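Trainee: File follows, entry_15.cif with mmCIF, C-alpha atoms:
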```cif
data_target
#
loop_
_atom_site.label_atom_id
_atom_site.label_comp_id
_atom_site.auth_asym_id
_atom_site.auth_seq_id
_atom_site.Cartn_x
_atom_site.Cartn_y
_atom_site.Cartn_z
CA MET A 1 253.15 83.99 8.86
CA LYS A 2 251.07 81.86 11.29
CA ALA A 3 253.86 82.02 13.84
CA VAL A 4 253.89 85.80 13.61
CA VAL A 5 250.10 85.96 14.10
CA ASN A 6 250.29 83.60 17.07
CA GLN A 7 253.06 85.68 18.60
CA ALA A 8 251.06 88.87 18.07
CA THR A 9 247.85 87.52 19.62
CA ALA A 10 249.46 85.51 22.44
CA GLN A 11 249.25 88.36 24.89
CA TYR A 12 245.59 88.98 24.07
CA LYS A 13 244.73 85.27 24.42
CA HIS A 14 246.59 85.13 27.70
CA SER A 15 244.76 88.14 29.12
CA ASN A 16 241.42 86.76 27.87
CA LEU A 17 242.13 83.44 29.57
CA MET A 18 243.09 85.25 32.77
CA TYR A 19 239.84 87.20 32.58
CA HIS A 20 237.82 83.97 32.37
CA ILE A 21 239.81 82.41 35.21
CA ASP A 22 239.32 85.52 37.37
CA THR A 23 235.59 85.70 36.65
CA HIS A 24 235.17 82.00 37.44
CA ALA A 25 237.18 82.36 40.65
CA CYS A 26 235.10 85.39 41.66
CA MET A 27 231.86 83.47 41.01
CA SER A 28 233.15 80.51 43.05
CA VAL A 29 234.01 82.77 45.96
CA LEU A 30 230.53 84.31 45.88
CA GLU A 31 228.95 80.84 46.01
CA GLU A 32 230.12 80.71 49.63
CA PRO A 33 227.08 81.80 51.73
CA TRP A 34 229.11 83.85 54.22
CA LEU A 35 230.52 85.96 51.38
CA GLY A 36 227.62 85.79 48.92
CA PHE A 37 224.70 86.35 51.32
CA TRP A 38 225.62 87.41 54.89
CA LEU A 39 228.38 89.84 53.88
CA PRO A 40 226.05 91.80 51.51
CA ILE A 41 223.47 91.99 54.32
CA ALA A 42 226.19 93.55 56.51
CA ILE A 43 226.99 95.93 53.63
CA LEU A 44 223.29 96.89 53.48
CA CYS A 45 223.46 97.71 57.22
CA ILE A 46 226.56 99.83 56.54
CA SER A 47 224.58 101.62 53.80
CA VAL A 48 221.87 102.46 56.34
CA GLY A 49 224.55 103.86 58.67
CA PHE A 50 226.04 105.96 55.84
CA TRP A 51 222.59 107.23 54.93
CA LEU A 52 222.07 108.39 58.54
CA THR A 53 225.23 110.53 58.55
CA ASP A 54 225.20 114.30 58.15
CA ARG A 55 224.53 115.70 54.67
CA LYS A 56 228.02 117.25 54.53
CA ASP A 57 229.77 114.02 55.57
CA TRP A 58 231.61 112.24 52.72
CA ARG A 59 229.93 108.95 53.68
CA HIS A 60 226.50 110.40 52.89
CA ARG A 61 227.26 110.04 49.14
CA LEU A 62 227.95 106.30 49.32
CA PRO A 63 224.68 104.49 50.33
CA ILE A 64 223.40 104.02 46.77
CA LEU A 65 226.74 102.63 45.59
CA THR A 66 227.12 100.25 48.55
CA SER A 67 223.48 99.10 48.29
CA ILE A 68 223.82 98.33 44.58
CA THR A 69 227.09 96.45 45.28
CA ALA A 70 225.41 94.40 48.03
CA LEU A 71 222.36 93.56 45.90
CA SER A 72 224.60 92.61 42.96
CA ILE A 73 226.59 90.21 45.15
CA ILE A 74 223.35 88.65 46.43
CA GLY A 75 222.11 88.38 42.84
CA ILE A 76 225.31 86.62 41.72
CA HIS A 77 225.11 84.30 44.74
CA GLY A 78 221.50 83.43 43.91
CA ALA A 79 222.28 82.87 40.23
CA THR A 80 225.25 80.57 40.85
CA THR A 81 223.66 78.32 43.48
CA ARG A 82 220.57 76.12 43.58
CA GLY A 83 217.71 76.06 46.09
CA GLU A 84 218.72 72.78 47.69
CA ASP A 85 222.33 73.95 48.15
CA SER A 86 221.88 76.17 51.18
CA PRO A 87 219.20 77.90 53.29
CA GLU A 88 220.32 81.27 51.93
CA THR A 89 219.63 80.30 48.30
CA ALA A 90 216.31 78.76 49.32
CA LEU A 91 215.40 82.05 51.01
CA LEU A 92 216.26 83.95 47.82
CA ALA A 93 214.09 81.51 45.82
CA VAL A 94 211.18 82.18 48.22
CA LEU A 95 211.62 85.95 47.85
CA LEU A 96 211.72 85.60 44.06
CA ARG A 97 208.50 83.57 44.13
CA ILE A 98 206.55 86.15 46.11
CA ALA A 99 208.12 89.25 44.53
CA GLY A 100 205.58 89.37 41.67
CA PRO A 101 202.29 89.23 43.59
CA VAL A 102 203.52 91.39 46.47
CA SER A 103 204.74 94.08 44.03
CA MET A 104 201.41 93.87 42.21
CA MET A 105 199.49 94.37 45.46
CA ALA A 106 201.71 97.25 46.54
CA LEU A 107 201.44 98.98 43.16
CA GLY A 108 197.66 98.47 43.05
CA SER A 109 197.21 99.86 46.57
CA LEU A 110 199.34 102.91 45.78
CA ILE A 111 197.43 103.63 42.55
CA ALA A 112 194.09 103.23 44.36
CA ILE A 113 195.20 105.52 47.20
CA PHE A 114 196.54 108.32 45.02
CA SER A 115 193.69 108.31 42.50
CA GLY A 116 190.91 108.57 45.10
CA PRO A 117 188.80 111.60 45.99
CA SER A 118 191.31 112.53 48.67
CA PRO A 119 193.06 115.91 48.07
CA VAL A 120 196.45 114.13 48.14
CA GLY A 121 195.52 112.18 45.00
CA PRO A 122 197.32 113.63 41.97
CA LEU A 123 196.52 110.64 39.71
CA PRO A 124 193.47 110.63 37.38
CA LYS A 125 190.34 109.17 39.02
CA PHE A 126 189.68 106.63 36.27
CA LEU A 127 192.83 104.76 37.44
CA ARG A 128 191.24 103.89 40.79
CA PRO A 129 189.37 100.76 39.60
CA MET A 130 192.55 99.58 37.92
CA GLY A 131 194.41 100.02 41.22
CA PHE A 132 191.87 97.88 43.06
CA LEU A 133 191.98 95.33 40.23
CA LEU A 134 195.77 95.09 40.60
CA ALA A 135 195.57 94.85 44.41
CA TYR A 136 192.90 92.12 44.39
CA GLY A 137 194.70 90.37 41.49
CA GLY A 138 197.90 90.30 43.56
CA LEU A 139 195.92 88.97 46.51
CA PHE A 140 194.42 86.12 44.47
CA TRP A 141 197.85 85.41 42.99
CA VAL A 142 199.28 85.09 46.51
CA GLY A 143 196.37 82.84 47.47
CA TRP A 144 197.01 80.61 44.47
CA ILE A 145 200.76 80.47 45.19
CA LEU A 146 200.13 79.52 48.83
CA ILE A 147 198.21 76.37 47.98
CA SER A 148 199.86 75.33 44.70
CA LYS A 149 202.87 73.04 44.35
CA PRO A 150 206.11 75.01 44.81
CA SER A 151 208.96 75.11 42.28
CA SER A 152 211.82 72.61 42.54
CA ALA A 153 214.09 75.11 44.32
CA ILE A 154 211.79 75.20 47.35
CA ALA A 155 210.08 71.82 47.06
CA ASN A 156 212.51 69.74 49.12
CA GLY A 157 214.76 69.90 52.16
CA ILE A 158 215.52 73.26 53.73
CA GLY A 159 213.85 75.08 50.80
CA GLU A 160 210.54 73.40 51.61
CA ILE A 161 210.88 74.30 55.30
CA ILE A 162 211.61 77.97 54.56
CA TRP A 163 208.78 78.24 52.03
CA SER A 164 206.27 76.57 54.37
CA THR A 165 207.38 78.86 57.20
CA TRP A 166 206.80 81.88 54.97
CA VAL A 167 203.29 80.66 54.07
CA ASN A 168 202.38 79.83 57.69
CA VAL A 169 203.60 83.18 59.05
CA PHE A 170 201.98 85.13 56.22
CA LEU A 171 198.59 83.47 56.70
CA SER A 172 198.70 83.82 60.49
CA MET A 173 199.68 87.47 60.32
CA MET A 174 197.09 88.20 57.63
CA ILE A 175 194.35 86.71 59.83
CA LEU A 176 195.47 88.64 62.92
CA VAL A 177 196.16 91.99 61.24
CA SER A 178 192.93 91.88 59.18
CA ALA A 179 190.98 91.12 62.36
CA LEU A 180 192.77 94.00 64.12
CA ALA A 181 192.09 96.49 61.30
CA GLY A 182 188.47 95.32 60.83
CA SER A 183 187.72 95.56 64.56
CA PHE A 184 189.31 98.99 64.64
CA CYS A 185 186.99 100.13 61.82
CA ILE A 186 183.94 98.89 63.78
CA VAL A 187 185.09 100.47 67.05
CA MET A 188 185.70 103.82 65.40
CA GLY A 189 182.23 103.73 63.83
CA GLU A 190 181.18 106.55 61.48
CA ARG A 191 180.05 104.47 58.53
CA ARG A 192 183.15 102.31 58.12
CA GLN A 193 181.08 99.13 57.60
CA LYS A 194 182.29 98.67 54.02
CA GLU A 195 185.96 98.64 55.05
CA ALA A 196 185.18 96.40 58.03
CA THR A 197 183.27 93.94 55.81
CA ILE A 198 186.15 93.62 53.30
CA LEU A 199 188.68 93.09 56.11
CA ALA A 200 186.38 90.54 57.75
CA ALA A 201 186.19 88.71 54.40
CA LEU A 202 190.02 88.73 54.27
CA THR A 203 190.16 87.29 57.81
CA ILE A 204 187.67 84.56 56.95
CA ALA A 205 189.44 83.70 53.66
CA GLY A 206 192.81 83.53 55.46
CA GLY A 207 191.27 81.43 58.23
CA PHE A 208 189.74 79.05 55.70
CA MET A 209 193.10 78.58 53.93
CA PHE A 210 194.84 78.03 57.28
CA TRP A 211 192.22 75.45 58.28
CA THR A 212 192.48 73.68 54.89
CA ILE A 213 196.26 73.32 54.87
CA MET A 214 196.33 72.19 58.50
CA LYS A 215 193.57 69.63 57.89
CA ASP A 216 194.37 68.28 54.43
CA GLY A 217 197.80 69.68 53.59
CA SER A 218 198.65 71.48 50.34
CA GLY A 219 200.00 70.59 46.89
CA GLY A 220 203.59 70.30 48.11
CA LEU A 221 203.32 69.30 51.79
CA ASP A 222 201.02 66.98 53.71
CA ALA A 223 199.13 67.98 56.87
CA ALA A 224 201.72 66.40 59.23
CA GLY A 225 204.44 68.51 57.59
CA TRP A 226 202.40 71.69 58.16
CA HIS A 227 201.88 70.74 61.83
CA GLU A 228 205.63 70.29 62.23
CA ILE A 229 206.26 73.69 60.62
CA HIS A 230 203.73 75.30 62.96
CA TRP A 231 205.17 73.84 66.16
CA ASN A 232 208.85 74.20 65.23
CA GLN A 233 209.63 77.02 62.78
CA MET A 234 206.59 79.17 63.64
CA MET A 235 207.60 79.12 67.31
CA VAL A 236 211.16 80.12 66.33
CA VAL A 237 209.69 83.11 64.46
CA ILE A 238 207.44 84.09 67.39
CA GLY A 239 210.41 83.89 69.76
CA GLY A 240 212.41 85.86 67.19
CA LEU A 241 209.81 88.62 67.15
CA PHE A 242 210.19 89.06 70.91
CA GLY A 243 213.98 88.88 70.51
CA MET A 244 213.97 91.70 67.95
CA ILE A 245 211.74 93.86 70.15
CA THR A 246 213.98 93.20 73.19
CA ALA A 247 217.14 94.06 71.21
CA SER A 248 215.52 97.31 70.01
CA ILE A 249 214.56 98.21 73.61
CA GLY A 250 218.14 97.39 74.68
CA PHE A 251 219.48 99.70 71.97
CA VAL A 252 217.22 102.54 73.13
CA TYR A 253 218.38 101.93 76.72
CA LEU A 254 222.05 102.16 75.63
CA VAL A 255 221.42 105.45 73.81
CA VAL A 256 219.56 106.89 76.82
CA MET A 257 222.38 105.73 79.13
CA ALA A 258 224.95 107.45 76.87
CA GLU A 259 222.89 110.65 76.86
CA ARG A 260 222.63 110.63 80.66
CA ARG A 261 226.39 110.24 81.02
CA GLN A 262 226.98 113.12 78.62
CA PRO A 263 228.50 116.03 80.62
CA ASP A 264 226.08 118.92 81.08
CA PRO A 265 227.26 121.76 78.80
CA ASP A 266 225.80 124.35 81.24
CA VAL A 267 228.04 123.27 84.12
CA VAL A 268 231.35 125.22 83.96
CA ALA A 269 234.44 124.00 85.77
CA PRO A 270 235.31 126.10 88.87
CA LEU A 271 238.02 128.76 88.58
CA SER A 272 241.60 127.83 89.35
CA GLU A 273 243.58 129.80 91.97
CA GLU A 274 245.42 131.71 89.24
CA GLU A 275 242.13 132.65 87.50
CA LYS A 276 240.64 133.66 90.86
CA SER A 277 243.55 136.04 91.48
CA VAL A 278 243.12 137.62 88.02
CA VAL A 279 239.38 138.12 88.60
CA ASP A 280 240.09 139.51 92.06
CA ALA A 281 242.59 141.98 90.64
CA VAL A 282 240.20 143.14 87.90
CA LEU A 283 237.34 143.61 90.37
CA ARG A 284 239.54 145.53 92.82
CA LEU A 285 240.78 147.80 90.04
CA HIS A 286 237.21 148.64 88.95
CA LEU A 287 235.96 149.05 92.50
CA ASP A 288 238.84 151.44 93.26
CA ASN A 289 238.00 153.44 90.15
CA LEU A 290 234.35 153.64 91.24
CA GLU A 291 235.33 154.82 94.73
CA ASP A 292 237.60 157.53 93.21
CA GLU A 293 234.70 158.82 91.11
CA MET B 1 180.74 100.66 71.18
CA SER B 2 181.81 103.67 69.14
CA GLY B 3 180.82 105.89 72.04
CA ASN B 4 183.75 104.67 74.13
CA LYS B 5 186.73 104.98 71.76
CA ASP B 6 189.37 105.54 74.43
CA SER B 7 189.49 101.91 75.57
CA TRP B 8 189.45 100.35 72.09
CA TRP B 9 192.72 98.46 72.55
CA GLY B 10 191.40 96.33 75.43
CA PRO B 11 188.65 94.39 73.61
CA ILE B 12 190.61 94.30 70.35
CA GLY B 13 193.69 92.93 72.12
CA LEU B 14 191.54 90.27 73.76
CA LEU B 15 189.99 89.36 70.39
CA LEU B 16 193.42 88.97 68.76
CA PHE B 17 194.66 86.89 71.69
CA LEU B 18 191.64 84.60 71.37
CA ILE B 19 192.13 84.23 67.61
CA ALA B 20 195.85 83.37 68.09
CA ILE B 21 195.00 80.80 70.79
CA GLY B 22 192.20 79.44 68.57
CA MET B 23 194.64 78.91 65.69
CA ASP B 24 197.04 77.02 67.97
CA LEU B 25 194.19 74.90 69.36
CA LEU B 26 193.10 74.08 65.81
CA VAL B 27 196.59 72.82 64.93
CA TRP B 28 196.77 71.05 68.30
CA ASN B 29 193.54 69.25 67.48
CA PHE B 30 194.69 68.16 64.01
CA SER B 31 198.22 67.20 65.05
CA GLY B 32 197.22 65.32 68.19
CA GLY B 33 199.27 67.49 70.54
CA VAL B 34 202.87 68.48 71.01
CA GLU B 35 205.31 68.71 73.91
CA ILE B 36 205.27 72.13 75.57
CA TYR B 37 208.98 71.73 76.25
CA SER B 38 209.83 71.69 72.52
CA ILE B 39 207.67 74.80 71.91
CA VAL B 40 209.50 76.69 74.67
CA GLN B 41 212.87 75.47 73.40
CA ASN B 42 212.12 76.66 69.85
CA MET B 43 210.94 80.03 71.14
CA ILE B 44 214.14 80.44 73.18
CA ILE B 45 216.26 79.60 70.12
CA GLY B 46 214.35 82.18 68.07
CA PHE B 47 214.59 84.77 70.85
CA THR B 48 218.35 84.47 71.39
CA LEU B 49 219.19 84.30 67.68
CA ALA B 50 216.98 87.27 66.75
CA PHE B 51 218.34 89.21 69.73
CA GLY B 52 221.91 88.58 68.55
CA MET B 53 221.19 89.27 64.87
CA THR B 54 219.30 92.50 65.58
CA SER B 55 222.05 93.68 67.93
CA LEU B 56 224.67 92.86 65.29
CA ALA B 57 222.74 94.79 62.62
CA LEU B 58 222.40 97.78 64.96
CA LEU B 59 226.10 97.52 65.84
CA VAL B 60 227.12 97.65 62.16
CA VAL B 61 224.75 100.59 61.53
CA SER B 62 226.16 102.41 64.61
CA LEU B 63 229.79 101.79 63.58
CA SER B 64 229.21 103.09 60.06
CA ALA B 65 227.44 106.21 61.36
CA VAL B 66 229.98 107.14 64.09
CA HIS B 67 230.81 110.86 64.17
CA LYS B 68 232.92 113.10 66.41
CA HIS B 69 229.99 114.53 68.43
CA MET B 70 228.63 111.09 69.28
CA ARG B 71 229.12 109.25 72.58
CA TRP B 72 229.74 105.95 70.85
CA GLN B 73 231.43 103.99 73.64
CA GLU B 74 228.27 102.92 75.48
CA GLN B 75 226.38 102.22 72.26
CA VAL B 76 229.09 100.23 70.49
CA LEU B 77 230.37 98.31 73.50
CA GLY B 78 226.83 97.58 74.73
CA LEU B 79 225.71 96.32 71.33
CA ALA B 80 228.88 94.22 70.98
CA VAL B 81 228.11 92.57 74.33
CA PHE B 82 224.46 91.98 73.30
CA THR B 83 225.59 90.48 69.97
CA ILE B 84 228.12 88.12 71.52
CA LEU B 85 225.63 87.11 74.22
CA GLY B 86 222.73 86.48 71.82
CA ILE B 87 224.64 84.61 69.12
CA SER B 88 226.66 82.56 71.65
CA LEU B 89 223.49 81.46 73.45
CA ALA B 90 221.81 80.57 70.14
CA TYR B 91 224.93 78.67 69.00
CA TRP B 92 224.98 76.77 72.29
CA SER B 93 221.21 76.04 72.07
CA LEU B 94 221.66 74.67 68.55
CA GLU B 95 224.30 72.18 69.74
CA GLU B 96 227.15 74.31 68.35
CA SER B 97 226.16 73.78 64.73
CA THR B 98 226.92 76.64 62.34
CA GLN B 99 224.67 75.05 59.71
CA SER B 100 221.69 75.13 62.12
CA LEU B 101 222.54 78.73 62.99
CA ARG B 102 222.41 79.71 59.29
CA GLU B 103 219.19 77.74 58.72
CA ASN B 104 217.43 79.38 61.67
CA GLY B 105 218.74 82.78 60.59
CA ALA B 106 217.24 82.28 57.12
CA ILE B 107 213.97 81.10 58.70
CA LEU B 108 213.84 84.22 60.88
CA ILE B 109 214.41 86.49 57.86
CA ALA B 110 211.70 84.62 55.90
CA GLY B 111 209.28 85.01 58.84
CA LEU B 112 210.07 88.71 59.20
CA ILE B 113 209.48 89.34 55.48
CA ALA B 114 206.21 87.38 55.63
CA MET B 115 205.05 89.53 58.56
CA LEU B 116 205.93 92.75 56.75
CA ALA B 117 204.20 91.55 53.55
CA ALA B 118 200.99 90.67 55.44
CA ILE B 119 200.94 93.95 57.38
CA GLY B 120 201.66 95.95 54.20
CA LEU B 121 198.93 94.13 52.30
CA VAL B 122 196.21 94.66 54.91
CA PHE B 123 197.02 98.26 55.77
CA GLY B 124 197.60 99.16 52.08
CA LEU B 125 194.14 97.83 51.27
CA LEU B 126 192.60 99.60 54.27
CA LEU B 127 194.21 102.90 53.31
CA ALA B 128 193.04 102.53 49.70
CA LEU B 129 189.47 101.89 50.90
CA ILE B 130 189.47 104.75 53.40
CA THR B 131 190.83 107.32 50.93
CA GLY B 132 187.85 106.53 48.67
CA ARG B 133 185.36 107.87 51.19
CA THR B 134 183.44 110.99 50.28
CA HIS B 135 182.34 113.48 52.92
CA GLU B 136 179.58 116.04 53.10
CA PRO B 137 180.98 119.53 52.48
CA ASP B 138 182.08 121.19 55.71
CA LEU B 139 180.44 124.60 56.12
CA LEU B 140 183.31 125.88 58.23
CA ILE B 141 185.74 125.43 55.31
CA SER B 142 183.58 127.63 53.04
CA LEU B 143 183.65 130.56 55.50
CA LYS B 144 185.74 133.57 54.47
CA SER B 145 188.18 135.40 56.69
CA THR B 146 187.35 138.94 57.89
CA ASP B 147 191.02 139.70 58.61
CA GLY B 148 190.24 140.25 62.27
CA ASP B 149 187.43 142.81 61.83
CA VAL B 150 184.62 141.59 64.02
CA GLU B 151 181.41 143.35 64.84
CA ILE B 152 179.41 142.16 67.81
CA GLU B 153 176.07 143.55 68.73
CA LEU B 154 175.44 143.38 72.44
CA GLU B 155 171.94 143.57 73.75
CA ALA B 156 171.62 145.78 76.78
#
```
Using structure tokens, write down the structure from this file.
Mentor:
Amino acid sequence: MKAVVNQATAQYKHSNLMYHIDTHACMSVLEEPWLGFWLPIAILCISVGFWLTDRKDWRHRLPILTSITALSIIGIHGATTRGEDSPETALLAVLLRIAGPVSMMALGSLIAIFSGPSPVGPLPKFLRPMGFLLAYGGLFWVGWILISKPSSAIANGIGEIIWSTWVNVFLSMMILVSALAGSFCIVMGERRQKEATILAALTIAGGFMFWTIMKDGSGGLDAAGWHEIHWNQMMVVIGGLFGMITASIGFVYLVVMAERRQPDPDVVAPLSEEEKSVVDAVLRLHLDNLEDE
Amino acid sequence: MSGNKDSWWGPIGLLLFLIAIGMDLLVWNFSGGVEIYSIVQNMIIGFTLAFGMTSLALLVVSLSAVHKHMRWQEQVLGLAVFTILGISLAYWSLEESTQSLRENGAILIAGLIAMLAAIGLVFGLLLALITGRTHEPDLLISLKSTDGDVEIELEA
């Protein structure tokens, strides 16, 4: 009886085993950064291209599917590797760490915008204080994250470098953009002092945090480490910003060059000798008819 | 200052430049200085790598959006040349190390996301504050249309 049962379930067990082997092999393949991180980023770029196609094009239906596939592969890659393993996993750990507060700030800002007295605000007005509470809560959460000790995934090696770069760039940009927006409010005048004051406070708070971490260090990195991040990785990012702008200008130049080389649709090719003779014959026929009349 | 709004970008640009220089001087003071050569070298690495990565991203987007009415040759070939040029130069600058290339690529993406997060935060907050402003009712809005019937009394 046992032999019969074993014989009957052998195929099932075999297929189940194959399933586990296949799943494990698939996971192992996706641990490779080129396949688990950079390939999905390329797929996301392909999704953008598909999304830009004409509405009637068959590719226009695919962006959601390809985007979900790419994000799933990145998710599997992040789940099967650790922060110290590779820079890609460390980057995912950094994004996971800031996802909460940044989402909270974005949600709070949106609620505050759309529940204001502006005519584009369809949300109830009593939600506005809650929106500001969420936005400022997210801001304080970010502030706390910036100076607290990071999780183990981004506390050492390349993870620490990527996290510190994120913090340094975020603080620097917050100081500069807040100063820009606050100055703009003052220049434009018309009772925008309240907005300018809040943005000035944001600039000062960001400046104070920047000064503190550069002078005394933070929970996870000493001051010398922050200086190294500023002079090495920060400069890579600044150079990278100019590189991205230059590549975008180059792309625009290529498109303009292609448009200029496009043949002018208004210019018609001259008539061939055969066509000229046909036209000549038709004109002569009509002119003769006119003369007869 | 609000009387001369046309030239707002000049003083604001100068202010931002001074703040950026001030931040660098602060770090310079605390760190005890750094070689200018290494700063320039890091900026060149970032420039070439970002140039190559952006060109590659645009190339992939262009290839996936190709259609029959498009003059794709200049765009695709040009972007392919830019990509090869940028990534080859970055690879050469990083002493032909693929690991360093990946690390700097991840650092660039982290920096880009940090920039976007900071810009989104500040402008989101500014927009939320500005939309809360109340205005005095505009008398022009309360006027009713006469459907073009206008009577004008002219004094002789």
Trainee: Tell me which of A:Pro33, A:Gly243, A:Gly116, A:Gly108 sits closest to Gly78 in chain A, counting all atoms listed in the file.
Mentor: A:Pro33
Trainee: From the set B:Gln75, B:Tyr37, B:Trp28, B:Val66, which residue has the shortest atom-to-atom contact distance to Met257 in chain A, counting all atoms listed in the file?
Mentor: B:Gln75
Trainee: If the cut-off is 7 Å, can you tell me the residues of chain B near chain A, counting only C-alpha atoms? I'd like them as a VMD selection string.
Mentor: chain B and resid 1 to 2 5 8 12 16 27 30 to 31 39 42 to 51 54 to 55 57 60 to 62 64 to 65 71 74 to 75 78 103 106 to 108 110 to 111 114 to 115 118 to 119 121 to 122 124 to 129 131 to 132 134
Trainee: To one decimal place in Å, what is the distance between CA of Gly32 in chain B and CA of Ala90 in chain B?
Mentor: 29.0 Å
Trainee: Could you please determine the separation between CA of His67 in chain B and CA of Val81 in chain B in Å, to one decimal place?
Mentor: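 Straight-line distance from CA of His67 in chain B to CA of Val81 in chain B works out to 21.1 Å.
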Trainee: I'd like to know which of A:Ser277, A:Glu31, A:Trp141, A:Leu290 is closest to Arg82 in chain A, using only C-alpha atoms.
Mentor: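 Among the listed residues, A:Glu31 lies closest to Arg82 in chain A.
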Trainee: Can you measure CA of Phe140 in chain A to CA of Leu15 in chain B for me? One decimal in Å is fine.
Mentor: 26.5 Å
Trainee: Could you give me, as a list of chain:residue names, the residues within 7 Å of His77 in chain A, counting only C-alpha atoms and dropping anything in the same chain fewer than 6 positions from it?
Mentor: A:Leu30, A:Glu31, A:Gly36, A:Phe37
Trainee: Select, from A:Gly137, A:Thr212, A:Ile204, A:Leu221, the residue with the minimum atom-to-atom distance to Ile154 in chain A, counting all atoms listed in the file.
Mentor: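 Between A:Gly137, A:Thr212, A:Ile204, A:Leu221, the residue approaching Ile154 in chain A most closely is A:Leu221.
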Trainee: Could you pull the residues within 9 Å of Gly143 in chain A, counting only C-alpha atoms, minus those fewer than 5 positions along the same chain, as a PDB file with C-alpha atoms, in the coordinates of the input?
Mentor:
```
ATOM      1  CA  GLY A 138     197.900  90.300  43.560  1.00  0.00           C
ATOM      2  CA  SER A 148     199.860  75.330  44.700  1.00  0.00           C
ATOM      3  CA  GLY A 206     192.810  83.530  55.460  1.00  0.00           C
ATOM      4  CA  MET A 209     193.100  78.580  53.930  1.00  0.00           C
TER       5      MET A 209
END
```
Trainee: Please write a file for range 22-38 of chain B, taken from the block I just shared, that holds C-alpha atoms and is laid out as an mmCIF file, in the first residue's frame.
Mentor:
```cif
data_model
loop_
_atom_site.group_PDB
_atom_site.id
_atom_site.type_symbol
_atom_site.label_atom_id
_atom_site.label_comp_id
_atom_site.auth_asym_id
_atom_site.auth_seq_id
_atom_site.Cartn_x
_atom_site.Cartn_y
_atom_site.Cartn_z
ATOM 1 C CA GLY B 22 30.434 79.793 2.915
ATOM 2 C CA MET B 23 29.495 76.131 3.481
ATOM 3 C CA ASP B 24 32.674 74.967 1.743
ATOM 4 C CA LEU B 25 34.788 77.423 3.749
ATOM 5 C CA LEU B 26 33.187 76.143 6.948
ATOM 6 C CA VAL B 27 34.151 72.551 6.103
ATOM 7 C CA TRP B 28 37.581 73.772 4.951
ATOM 8 C CA ASN B 29 38.074 75.420 8.330
ATOM 9 C CA PHE B 30 37.053 72.324 10.312
ATOM 10 C CA SER B 31 38.919 69.828 8.129
ATOM 11 C CA GLY B 32 42.128 71.826 7.880
ATOM 12 C CA GLY B 33 42.077 72.062 4.084
ATOM 13 C CA VAL B 34 42.061 69.716 1.142
ATOM 14 C CA GLU B 35 43.937 69.413 -2.148
ATOM 15 C CA ILE B 36 42.188 71.261 -4.977
ATOM 16 C CA TYR B 37 43.428 68.573 -7.358
ATOM 17 C CA SER B 38 41.375 65.860 -5.615
#
```
